[in-house]
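So this one's my_file.cif, mmCIF, C-alpha atoms:
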```cif
data_structure
#
loop_
_atom_site.label_atom_id
_atom_site.label_comp_id
_atom_site.auth_asym_id
_atom_site.auth_seq_id
_atom_site.Cartn_x
_atom_site.Cartn_y
_atom_site.Cartn_z
CA MET A 1 -2.37 -25.33 -63.16
CA GLU A 2 -2.41 -21.55 -63.02
CA THR A 3 -5.65 -21.37 -64.94
CA LEU A 4 -7.55 -23.79 -62.73
CA PRO A 5 -10.22 -22.10 -60.65
CA GLN A 6 -9.48 -21.99 -56.91
CA GLU A 7 -12.53 -24.14 -56.12
CA LEU A 8 -11.12 -26.93 -58.27
CA LEU A 9 -7.70 -26.65 -56.66
CA ASP A 10 -9.33 -26.82 -53.23
CA ALA A 11 -11.27 -29.92 -54.27
CA ILE A 12 -8.02 -31.58 -55.41
CA ILE A 13 -6.27 -30.73 -52.14
CA ASP A 14 -9.23 -32.10 -50.18
CA ARG A 15 -8.74 -35.45 -51.90
CA VAL A 16 -5.04 -35.81 -51.12
CA PRO A 17 -4.64 -38.66 -48.60
CA SER A 18 -4.01 -37.44 -45.06
CA PRO A 19 -0.37 -38.52 -44.66
CA TRP A 20 0.65 -36.30 -47.59
CA ALA A 21 -1.81 -33.48 -47.13
CA HIS A 22 0.63 -31.32 -45.20
CA HIS A 23 2.92 -31.12 -48.25
CA CYS A 24 0.19 -29.40 -50.24
CA SER A 25 0.77 -26.04 -48.65
CA LEU A 26 4.33 -26.05 -50.02
CA VAL A 27 3.40 -26.73 -53.66
CA ALA A 28 2.38 -23.24 -54.69
CA ARG A 29 1.05 -20.05 -53.22
CA ARG A 30 -2.49 -20.89 -54.35
CA TRP A 31 -2.21 -24.25 -52.59
CA ARG A 32 -1.06 -22.79 -49.32
CA LYS A 33 -4.27 -21.77 -47.57
CA ARG A 34 -6.23 -24.93 -48.33
CA GLY A 35 -3.20 -27.08 -47.56
CA GLN A 36 -2.81 -25.37 -44.21
CA GLN A 37 -6.54 -25.63 -43.53
CA ARG A 38 -6.31 -29.39 -44.00
CA HIS A 39 -3.09 -29.76 -42.07
CA PHE A 40 -4.23 -27.79 -39.05
CA SER A 41 -7.87 -28.86 -38.94
CA ASP A 42 -7.30 -31.60 -36.33
CA LEU A 43 -4.88 -30.83 -33.53
CA MET A 44 -3.88 -32.93 -30.57
CA PHE A 45 -1.62 -31.71 -27.79
CA TRP A 46 -0.02 -34.28 -25.50
CA ARG A 47 2.39 -32.10 -23.55
CA GLU A 48 2.52 -28.56 -22.29
CA VAL A 49 5.70 -28.02 -24.28
CA ASP A 50 3.76 -28.75 -27.49
CA VAL A 51 1.14 -26.19 -26.54
CA VAL A 52 3.85 -23.63 -25.81
CA ARG A 53 5.56 -24.42 -29.11
CA TRP A 54 2.27 -23.95 -30.97
CA TYR A 55 1.80 -20.63 -29.23
CA THR A 56 5.29 -19.35 -29.99
CA ASP A 57 5.76 -20.78 -33.50
CA ILE A 58 2.36 -20.04 -35.01
CA PRO A 59 1.22 -16.43 -35.29
CA GLN A 60 -1.70 -16.20 -32.90
CA ASP A 61 -4.00 -14.40 -35.26
CA PRO A 62 -7.69 -15.31 -34.77
CA ASP A 63 -8.17 -15.07 -38.55
CA GLY A 64 -4.97 -16.93 -39.38
CA ILE A 65 -3.76 -20.48 -38.93
CA PRO A 66 -5.38 -21.03 -35.49
CA SER A 67 -8.74 -20.38 -37.11
CA TYR A 68 -8.20 -23.45 -39.32
CA ALA A 69 -8.44 -25.73 -36.28
CA GLN A 70 -11.81 -27.44 -36.10
CA ASP A 71 -11.13 -30.40 -33.83
CA VAL A 72 -8.79 -29.79 -30.90
CA GLU A 73 -7.80 -32.26 -28.22
CA PHE A 74 -5.73 -31.82 -25.08
CA GLN A 75 -4.59 -35.19 -23.81
CA SER A 76 -2.85 -36.08 -20.54
CA ILE A 77 -1.70 -32.58 -19.56
CA ARG A 78 -2.52 -32.93 -15.90
CA PHE A 79 -0.51 -30.00 -14.61
CA TRP A 80 0.46 -26.73 -16.23
CA ARG A 81 3.72 -25.11 -15.32
CA ASP A 82 2.32 -21.93 -16.78
CA PRO A 83 -1.45 -22.03 -16.15
CA THR A 84 -2.06 -19.15 -18.56
CA VAL A 85 -0.90 -21.07 -21.64
CA LEU A 86 -4.19 -22.88 -22.12
CA SER A 87 -6.33 -19.75 -22.18
CA ARG A 88 -3.87 -17.90 -24.40
CA VAL A 89 -3.95 -20.70 -26.95
CA LEU A 90 -7.70 -21.28 -26.80
CA LYS A 91 -8.31 -17.57 -27.39
CA CYS A 92 -7.19 -17.89 -31.00
CA PHE A 93 -9.12 -21.07 -31.83
CA SER A 94 -12.00 -19.03 -33.15
CA ARG A 95 -13.57 -21.70 -35.38
CA VAL A 96 -13.13 -24.85 -33.31
CA LYS A 97 -16.14 -27.15 -33.50
CA THR A 98 -15.03 -30.06 -31.34
CA LEU A 99 -13.03 -29.77 -28.14
CA THR A 100 -11.80 -32.78 -26.21
CA ILE A 101 -10.27 -32.45 -22.78
CA ALA A 102 -8.94 -35.84 -21.76
CA GLU A 103 -7.03 -36.34 -18.52
CA THR A 104 -6.12 -32.69 -18.73
CA ALA A 105 -6.50 -29.92 -16.21
CA VAL A 106 -8.27 -26.67 -16.85
CA PRO A 107 -6.72 -24.29 -14.31
CA PRO A 108 -9.60 -22.75 -12.31
CA SER A 109 -7.85 -19.38 -12.40
CA GLU A 110 -8.00 -19.42 -16.20
CA VAL A 111 -11.67 -20.20 -16.75
CA GLN A 112 -12.64 -16.53 -16.71
CA ASN A 113 -9.82 -15.71 -19.12
CA ILE A 114 -11.05 -18.39 -21.51
CA LEU A 115 -14.59 -17.05 -21.25
CA SER A 116 -13.54 -13.45 -21.75
CA SER A 117 -11.56 -14.26 -24.87
CA GLY A 118 -14.61 -13.58 -26.97
CA GLU A 119 -14.03 -15.60 -30.09
CA PHE A 120 -13.34 -19.01 -28.58
CA GLY A 121 -16.28 -21.39 -28.37
CA ARG A 122 -18.59 -19.40 -30.59
CA GLU A 123 -18.78 -22.24 -33.13
CA LEU A 124 -18.18 -25.11 -30.71
CA THR A 125 -20.80 -27.84 -31.14
CA SER A 126 -19.20 -30.84 -29.39
CA LEU A 127 -17.46 -30.98 -26.04
CA PHE A 128 -15.94 -34.20 -24.75
CA LEU A 129 -14.69 -34.24 -21.17
CA ILE A 130 -12.97 -37.55 -20.62
CA SER A 131 -11.54 -38.01 -17.15
CA PRO A 132 -10.77 -34.32 -16.98
CA TRP A 133 -8.31 -33.27 -14.33
CA SER A 134 -10.70 -30.59 -13.09
CA SER A 135 -13.92 -30.56 -11.13
CA VAL A 136 -17.47 -30.18 -12.41
CA PRO A 137 -17.92 -26.72 -10.84
CA THR A 138 -14.68 -25.57 -12.47
CA LEU A 139 -15.79 -26.67 -15.91
CA MET A 140 -19.46 -25.80 -15.64
CA PRO A 141 -19.09 -22.08 -16.60
CA LEU A 142 -17.44 -23.24 -19.82
CA ILE A 143 -20.19 -25.79 -20.51
CA LEU A 144 -22.84 -23.15 -19.97
CA SER A 145 -21.14 -20.49 -22.07
CA PHE A 146 -20.89 -22.17 -25.46
CA PRO A 147 -23.91 -20.82 -27.35
CA ASN A 148 -24.06 -23.50 -30.05
CA LEU A 149 -23.13 -26.58 -28.05
CA ARG A 150 -25.14 -29.60 -29.23
CA GLU A 151 -23.23 -32.58 -27.91
CA LEU A 152 -21.76 -33.00 -24.43
CA MET A 153 -20.03 -36.09 -23.12
CA ILE A 154 -18.70 -36.31 -19.58
CA ASP A 155 -16.98 -39.50 -18.67
CA HIS A 156 -15.50 -40.25 -15.29
CA PHE A 157 -14.47 -37.25 -13.29
CA LEU A 158 -11.24 -38.23 -11.56
CA HIS A 159 -11.12 -34.99 -9.65
CA SER A 160 -14.62 -34.56 -8.53
CA HIS A 161 -14.94 -31.80 -6.01
CA ALA A 162 -18.64 -31.44 -5.67
CA PRO A 163 -19.57 -28.08 -4.22
CA ALA A 164 -20.39 -27.87 -0.55
CA SER A 165 -23.66 -26.17 -1.36
CA LEU A 166 -25.45 -27.16 -4.49
CA LEU A 167 -25.95 -23.63 -5.69
CA PRO A 168 -25.05 -23.59 -9.34
CA GLY A 169 -22.50 -21.14 -10.64
CA GLY A 170 -24.92 -20.22 -13.39
CA THR A 171 -27.87 -21.57 -15.29
CA CYS A 172 -28.12 -22.77 -18.81
CA LYS A 173 -29.73 -20.19 -21.09
CA ARG A 174 -29.19 -22.30 -24.16
CA GLY A 175 -31.87 -24.65 -25.49
CA PRO A 176 -31.61 -28.42 -24.99
CA LEU A 177 -28.55 -30.22 -26.29
CA GLN A 178 -28.94 -32.79 -29.04
CA SER A 179 -26.98 -35.34 -27.05
CA LEU A 180 -25.84 -35.66 -23.45
CA GLU A 181 -23.76 -38.63 -22.40
CA LEU A 182 -22.78 -39.12 -18.77
CA SER A 183 -20.97 -42.01 -17.23
CA TRP A 184 -19.20 -42.77 -13.99
CA LEU A 185 -20.12 -39.57 -12.22
CA LEU A 186 -20.81 -39.06 -8.55
CA ASN A 187 -24.24 -38.16 -7.20
CA LYS A 188 -23.31 -34.59 -6.37
CA ASP A 189 -21.79 -33.98 -9.77
CA ILE A 190 -24.91 -35.25 -11.52
CA GLU A 191 -27.10 -33.22 -9.21
CA TYR A 192 -24.98 -30.15 -9.94
CA ILE A 193 -25.27 -30.63 -13.71
CA ALA A 194 -29.04 -30.99 -13.35
CA LEU A 195 -29.27 -27.91 -11.15
CA CYS A 196 -27.44 -25.87 -13.76
CA GLY A 197 -30.28 -26.66 -16.14
CA VAL A 198 -28.40 -28.77 -18.69
CA THR A 199 -31.08 -30.57 -20.72
CA SER A 200 -30.99 -32.69 -23.86
CA ARG A 201 -33.08 -34.41 -26.52
CA ARG A 202 -31.04 -37.59 -26.27
CA ILE A 203 -29.64 -38.78 -22.97
CA ASP A 204 -27.20 -41.64 -22.63
CA LEU A 205 -26.50 -42.69 -19.05
CA TYR A 206 -24.51 -45.32 -17.30
CA VAL A 207 -26.69 -46.58 -14.48
CA GLY A 208 -24.36 -46.87 -11.55
CA ASP A 209 -25.15 -45.57 -8.14
CA ALA A 210 -25.53 -42.02 -9.25
CA MET A 211 -28.77 -40.07 -9.19
CA ILE A 212 -29.60 -40.29 -12.85
CA GLU A 213 -33.21 -39.46 -12.04
CA LYS A 214 -32.22 -35.83 -11.53
CA ILE A 215 -30.90 -35.54 -15.06
CA ILE A 216 -33.87 -37.36 -16.58
CA ALA A 217 -36.37 -35.28 -14.63
CA GLY A 218 -34.68 -32.08 -15.82
CA SER A 219 -35.18 -33.14 -19.44
CA SER A 220 -38.65 -34.62 -18.98
CA GLU A 221 -40.20 -32.30 -21.56
CA THR A 222 -37.41 -32.34 -24.14
CA MET A 223 -35.91 -35.83 -24.06
CA ARG A 224 -36.93 -37.96 -27.03
CA GLU A 225 -34.42 -40.75 -26.67
CA LEU A 226 -33.10 -42.39 -23.52
CA VAL A 227 -30.25 -44.88 -23.50
CA LEU A 228 -29.45 -46.69 -20.27
CA GLN A 229 -26.49 -48.90 -19.67
CA GLY A 230 -25.90 -50.86 -16.52
CA THR A 231 -24.22 -53.96 -15.27
CA MET B 1 -38.81 -78.39 -18.17
CA LEU B 2 -38.61 -75.75 -15.51
CA THR B 3 -41.92 -75.70 -13.63
CA SER B 4 -40.99 -73.77 -10.54
CA PRO B 5 -38.14 -71.47 -11.34
CA PRO B 6 -36.17 -69.85 -8.56
CA ASP B 7 -36.71 -66.24 -7.75
CA LEU B 8 -33.53 -64.47 -8.69
CA TYR B 9 -34.11 -61.36 -6.63
CA PRO B 10 -36.33 -62.30 -3.66
CA SER B 11 -35.01 -59.76 -1.20
CA ARG B 12 -35.04 -56.85 -3.64
CA VAL B 13 -38.59 -57.67 -4.72
CA ALA B 14 -39.75 -57.94 -1.13
CA VAL B 15 -38.52 -54.42 -0.53
CA ALA B 16 -40.01 -53.20 -3.79
CA GLU B 17 -43.38 -54.68 -2.92
CA ALA B 18 -43.36 -53.16 0.52
CA SER B 19 -42.84 -49.65 -0.79
CA PRO B 20 -43.43 -47.99 -4.15
CA PRO B 21 -40.45 -46.50 -6.00
CA VAL B 22 -39.00 -43.66 -3.96
CA VAL B 23 -38.28 -41.47 -6.97
CA HIS B 24 -41.24 -40.23 -8.95
CA LEU B 25 -40.18 -38.97 -12.31
CA PRO B 26 -42.48 -36.47 -14.00
CA PRO B 27 -44.18 -37.71 -17.19
CA LEU B 28 -41.60 -38.00 -19.94
CA SER B 29 -43.80 -36.23 -22.42
CA ALA B 30 -41.44 -36.21 -25.42
CA LEU B 31 -39.83 -39.63 -25.01
CA THR B 32 -40.31 -41.78 -28.12
CA SER B 33 -37.63 -44.43 -27.72
CA MET B 34 -35.65 -46.11 -25.00
CA GLU B 35 -32.71 -48.45 -25.19
CA VAL B 36 -31.53 -50.50 -22.24
CA THR B 37 -28.25 -52.37 -22.52
CA ILE B 38 -28.02 -55.44 -20.33
CA HIS B 39 -24.55 -56.87 -19.88
CA SER B 40 -24.81 -59.80 -17.50
CA GLY B 41 -27.79 -61.96 -18.45
CA SER B 42 -30.33 -60.15 -16.33
CA LEU B 43 -31.34 -56.66 -15.41
CA SER B 44 -29.09 -55.34 -12.68
CA PRO B 45 -30.87 -54.58 -9.39
CA ARG B 46 -30.18 -50.90 -10.01
CA LEU B 47 -31.79 -50.97 -13.45
CA ALA B 48 -34.70 -53.10 -12.23
CA GLU B 49 -35.23 -50.59 -9.45
CA PHE B 50 -34.92 -47.58 -11.70
CA LEU B 51 -37.08 -48.52 -14.69
CA PRO B 52 -40.40 -48.55 -12.76
CA CYS B 53 -39.65 -44.93 -11.79
CA ILE B 54 -40.62 -44.11 -15.36
CA ARG B 55 -44.35 -44.11 -14.79
CA SER B 56 -45.61 -42.17 -17.76
CA ALA B 57 -44.26 -41.82 -21.28
CA PRO B 58 -47.32 -41.08 -23.42
CA VAL B 59 -45.60 -41.00 -26.82
CA LEU B 60 -43.16 -43.84 -26.22
CA SER B 61 -43.18 -46.17 -29.20
CA SER B 62 -40.28 -48.55 -28.61
CA ILE B 63 -38.13 -50.02 -25.88
CA THR B 64 -35.09 -52.01 -26.93
CA PHE B 65 -33.35 -54.44 -24.63
CA LYS B 66 -29.90 -54.92 -26.07
CA TYR B 67 -27.68 -57.68 -24.75
CA PRO B 68 -24.57 -59.67 -25.72
CA LYS B 69 -25.23 -63.05 -27.26
CA ALA B 70 -22.61 -64.56 -24.95
CA THR B 71 -24.72 -63.65 -21.90
CA PRO B 72 -28.30 -63.71 -23.14
CA ILE B 73 -31.21 -62.37 -21.14
CA GLU B 74 -32.65 -65.05 -18.95
CA TYR B 75 -36.42 -64.80 -18.87
CA ILE B 76 -38.00 -66.74 -16.00
CA PRO B 77 -41.76 -66.16 -16.06
CA ALA B 78 -42.40 -66.76 -12.36
CA SER B 79 -39.54 -64.64 -11.06
CA ARG B 80 -40.59 -61.50 -9.28
CA LEU B 81 -38.15 -59.52 -11.39
CA TRP B 82 -39.87 -60.42 -14.65
CA ILE B 83 -43.36 -60.20 -13.19
CA ASP B 84 -42.52 -56.65 -12.10
CA MET B 85 -40.99 -55.88 -15.48
CA ASP B 86 -44.09 -57.24 -17.20
CA LYS B 87 -46.35 -55.05 -15.08
CA TRP B 88 -44.20 -52.00 -15.71
CA LEU B 89 -44.21 -52.59 -19.46
CA ALA B 90 -47.96 -53.19 -19.38
CA ARG B 91 -48.53 -49.91 -17.56
CA LEU B 92 -46.51 -48.02 -20.14
CA ALA B 93 -48.26 -49.82 -23.03
CA MET B 94 -51.71 -49.00 -21.62
CA HIS B 95 -50.92 -45.33 -21.22
CA VAL B 96 -49.51 -44.73 -24.67
CA LYS B 97 -51.59 -41.94 -26.18
CA THR B 98 -50.59 -42.32 -29.81
CA ASN B 99 -51.95 -44.59 -32.51
CA LYS B 100 -48.81 -46.65 -32.44
CA ARG B 101 -48.54 -49.64 -30.12
CA LEU B 102 -45.61 -49.82 -27.74
CA SER B 103 -43.03 -52.18 -29.13
CA LEU B 104 -40.49 -54.12 -27.07
CA VAL B 105 -37.50 -55.14 -29.15
CA LEU B 106 -35.00 -57.73 -27.96
CA LYS B 107 -31.75 -57.20 -29.75
CA PRO B 108 -28.80 -59.52 -29.24
CA TRP B 109 -25.36 -58.77 -30.63
CA PRO B 110 -24.16 -60.62 -32.59
CA GLU B 111 -27.28 -62.27 -33.98
CA GLY B 112 -28.64 -65.73 -33.11
CA ASN B 113 -31.89 -67.66 -32.67
CA SER B 114 -34.39 -67.59 -29.84
CA GLU B 115 -37.71 -68.81 -28.48
CA TRP B 116 -39.87 -66.10 -27.08
CA GLU B 117 -43.53 -66.89 -27.58
CA GLY B 118 -45.57 -66.59 -24.43
CA CYS B 119 -43.22 -64.17 -22.73
CA LEU B 120 -44.47 -61.07 -20.91
CA PRO B 121 -48.21 -61.90 -20.95
CA GLU B 122 -49.45 -58.74 -19.20
CA PHE B 123 -47.56 -56.51 -21.58
CA ARG B 124 -49.09 -58.28 -24.58
CA LYS B 125 -52.59 -58.07 -23.09
CA ALA B 126 -52.04 -54.34 -22.68
CA GLY B 127 -51.49 -54.07 -26.42
CA GLY B 128 -47.70 -54.23 -26.41
CA GLU B 129 -45.85 -55.79 -29.30
CA LEU B 130 -42.85 -58.03 -28.72
CA SER B 131 -40.26 -58.55 -31.39
CA VAL B 132 -36.94 -60.31 -31.26
CA ILE B 133 -34.25 -59.41 -33.72
CA THR B 134 -32.96 -62.92 -34.39
CA GLY B 135 -32.47 -63.16 -30.67
CA ALA B 136 -30.34 -65.48 -28.62
CA CYS B 137 -32.28 -65.49 -25.36
CA ASN B 138 -32.37 -68.43 -22.98
CA TRP B 139 -36.09 -68.15 -22.50
CA SER B 140 -37.17 -70.76 -19.92
CA LYS B 141 -40.83 -71.59 -20.13
#
```
Give the structure from this file in structure tokens form.
Amino acid sequence: METLPQELLDAIIDRVPSPWAHHCSLVARRWRKRGQQRHFSDLMFWREVDVVRWYTDIPQDPDGIPSYAQDVEFQSIRFWRDPTVLSRVLKCFSRVKTLTIAETAVPPSEVQNILSSGEFGRELTSLFLISPWSSVPTLMPLILSFPNLRELMIDHFLHSHAPASLLPGGTCKRGPLQSLELSWLLNKDIEYIALCGVTSRRIDLYVGDAMIEKIIAGSSETMRELVLQGT
Amino acid sequence: MLTSPPDLYPSRVAVAEASPPVVHLPPLSALTSMEVTIHSGSLSPRLAEFLPCIRSAPVLSSITFKYPKATPIEYIPASRLWIDMDKWLARLAMHVKTNKRLSLVLKPWPEGNSEWEGCLPEFRKAGGELSVITGACNWSK
């Protein structure tokens, strides 16, 4: 075992079935890093207390364990007792590729802190906002800031506070997304997203009452694929 | 045999005929494929109203109508809805600027059988190709 090259050890650890993968890091020192990388690659937080525990129990080193997280999901955390927890935790997820915010609030006061954290979002390619407990204008600076975002899904804003004036909080300097999926949004939210210059090569829309034309018109020169669903 | 089918959307069509689509989308210059999912046997008024807003898609090569086998698309040739659809498809087919012909694909899920010959005459005259992927449509002729 001691003579096996590290690449081979890593390949063995990668093939251990998921339910037992977390034991790998305890086998030997040379197994630790890969075992931890597997164990912490997908994280889901259901309660604020779990987020706090992660923050206090795991050393928040941007090059350490938090950097192993690639797919992070916050689920059903509608209110934060300590609104700063989210930004403090996100700050150390330097390599996350997929972020899902489902029925979870992003405290408006923390958006700037998340953005100023530097490392977070640099490698993010997929963002799924599923019934987020925040408004479009609150989340838009985040959407616009991720430099490598390729896939954006926004499904059903429960807390849609469309801005009184439709002046966007910023404009998209990034190129078109690979995929944009919108469903169950209000007219003003869709208009706001379009005004912020979010464009895509593939657009998937639920045809309700909303002004989908705005989004399609915005991507008229880049959109190669259009998927429409409607009842 | 159905010789004089009812018009499914008389009031909507009357409005549509009286005024052109309100929204004018710019030419969709990069669009190569479109997929429209139809859940309830026919295009919803909203979809039927929206699709003609797409007036130009010069490199479009395929449009897929996807629908559940349990509620197949009901094609009634004399209905205003399908006459309008036919004209819209024909306009797109005529303005395709590539060598490929515009293809309309009818795709039920799960698969089944269908009759479809003779459907959408204007679209076919305009050079459009119609293909059914082992469809399950209730095509009334």
Exercise for the section: Name the residues captured by the PyMOL selection byres ((chain A) within 10 of (chain B)) when it is applied to the shown file; answer as a ChimeraX atom specification. Expected result: /A:201-209,211-214,216-231
If you keep C-alpha atoms, can you produce a file of those selected residues as a JSON list (two decimals), keeping the file's coordinate frame?
```
[["chain", "number", "residue", "atom", "x", "y", "z"],
["A", 201, "ARG", "CA", -33.08, -34.41, -26.52],
["A", 202, "ARG", "CA", -31.04, -37.59, -26.27],
["A", 203, "ILE", "CA", -29.64, -38.78, -22.97],
["A", 204, "ASP", "CA", -27.20, -41.64, -22.63],
["A", 205, "LEU", "CA", -26.50, -42.69, -19.05],
["A", 206, "TYR", "CA", -24.51, -45.32, -17.30],
["A", 207, "VAL", "CA", -26.69, -46.58, -14.48],
["A", 208, "GLY", "CA", -24.36, -46.87, -11.55],
["A", 209, "ASP", "CA", -25.15, -45.57, -8.14],
["A", 211, "MET", "CA", -28.77, -40.07, -9.19],
["A", 212, "ILE", "CA", -29.60, -40.29, -12.85],
["A", 213, "GLU", "CA", -33.21, -39.46, -12.04],
["A", 214, "LYS", "CA", -32.22, -35.83, -11.53],
["A", 216, "ILE", "CA", -33.87, -37.36, -16.58],
["A", 217, "ALA", "CA", -36.37, -35.28, -14.63],
["A", 218, "GLY", "CA", -34.68, -32.08, -15.82],
["A", 219, "SER", "CA", -35.18, -33.14, -19.44],
["A", 220, "SER", "CA", -38.65, -34.62, -18.98],
["A", 221, "GLU", "CA", -40.20, -32.30, -21.56],
["A", 222, "THR", "CA", -37.41, -32.34, -24.14],
["A", 223, "MET", "CA", -35.91, -35.83, -24.06],
["A", 224, "ARG", "CA", -36.93, -37.96, -27.03],
["A", 225, "GLU", "CA", -34.42, -40.75, -26.67],
["A", 226, "LEU", "CA", -33.10, -42.39, -23.52],
["A", 227, "VAL", "CA", -30.25, -44.88, -23.50],
["A", 228, "LEU", "CA", -29.45, -46.69, -20.27],
["A", 229, "GLN", "CA", -26.49, -48.90, -19.67],
["A", 230, "GLY", "CA", -25.90, -50.86, -16.52],
["A", 231, "THR", "CA", -24.22, -53.96, -15.27]]
```
Applying 9 Å and only C-alpha atoms, which residues near A:Ile154 remain after dropping the ones on its own chain fewer than 5 positions away? List them as an mmCIF file with C-alpha atoms, in the frame of the given file.
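Below is the file selection26.cif, written as the result:
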```
data_model
loop_
_atom_site.group_PDB
_atom_site.id
_atom_site.type_symbol
_atom_site.label_atom_id
_atom_site.label_comp_id
_atom_site.auth_asym_id
_atom_site.auth_seq_id
_atom_site.Cartn_x
_atom_site.Cartn_y
_atom_site.Cartn_z
ATOM 1 C CA LEU A 127 -17.460 -30.980 -26.040
ATOM 2 C CA PHE A 128 -15.940 -34.200 -24.750
ATOM 3 C CA LEU A 129 -14.690 -34.240 -21.170
ATOM 4 C CA ILE A 130 -12.970 -37.550 -20.620
ATOM 5 C CA SER A 131 -11.540 -38.010 -17.150
ATOM 6 C CA PRO A 132 -10.770 -34.320 -16.980
ATOM 7 C CA LEU A 180 -25.840 -35.660 -23.450
ATOM 8 C CA GLU A 181 -23.760 -38.630 -22.400
ATOM 9 C CA LEU A 182 -22.780 -39.120 -18.770
ATOM 10 C CA SER A 183 -20.970 -42.010 -17.230
ATOM 11 C CA TRP A 184 -19.200 -42.770 -13.990
ATOM 12 C CA LEU A 185 -20.120 -39.570 -12.220
#
```
Practice task
Compile the contact shell of A:Arg81 as a ChimeraX atom specification: residues with an atom at most 12 Å away, counting only C-alpha atoms, same-chain residues fewer than 4 positions apart removed.
Solution key: /A:47-49,51-52,77,85-86,105,107
Exercise for the section: Identify which of the residues B:Pro68, B:Lys107, B:Ile76, B:Phe123 lies closest to B:Leu89, counting all atoms listed in the file when measuring atom-to-atom distances. Expected result: B:Phe123
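Between atom CA of A:Pro137 and atom CA of A:Glu110 the separation is 13.4 Å.
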Problem - 10 Å contact set for A:Leu142, all atoms listed in the file, chain neighbours under 6 positions out, as a list in words - result: Val111, Gln112, Ile114, Leu115, Gly121 and Leu127 of chain A
Practice task
Kindly indicate which residue among B:Thr71, B:Ser79, B:Ser61, B:Ser131 lies nearest to B:Asn99, using only C-alpha atoms for the distances.
Solution key: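 Using only C-alpha atoms, B:Asn99 sits closest to B:Ser61.
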Problem - Between atom CA of A:His22 and atom CA of A:Lys91, distance in Å (one decimal) - result: 24.2 Å
Problem - Å distance separating atom CA of A:Gln178 from atom CA of A:Ala102, one decimal place - result: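 Atom CA of A:Ala102 lies 21.5 Å from atom CA of A:Gln178.
Using all atoms listed in the file, the smallest distance between any of B:Val132, B:Leu120, B:Ala48, B:Ile73 and B:Lys87 comes from B:Leu120.
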Handout entry: Counting all atoms listed in the file, the residue of B:Arg124, B:Tyr67, B:Arg55, B:Leu130 that sits nearest B:Ala90
Key =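 Closest candidate: B:Arg124.
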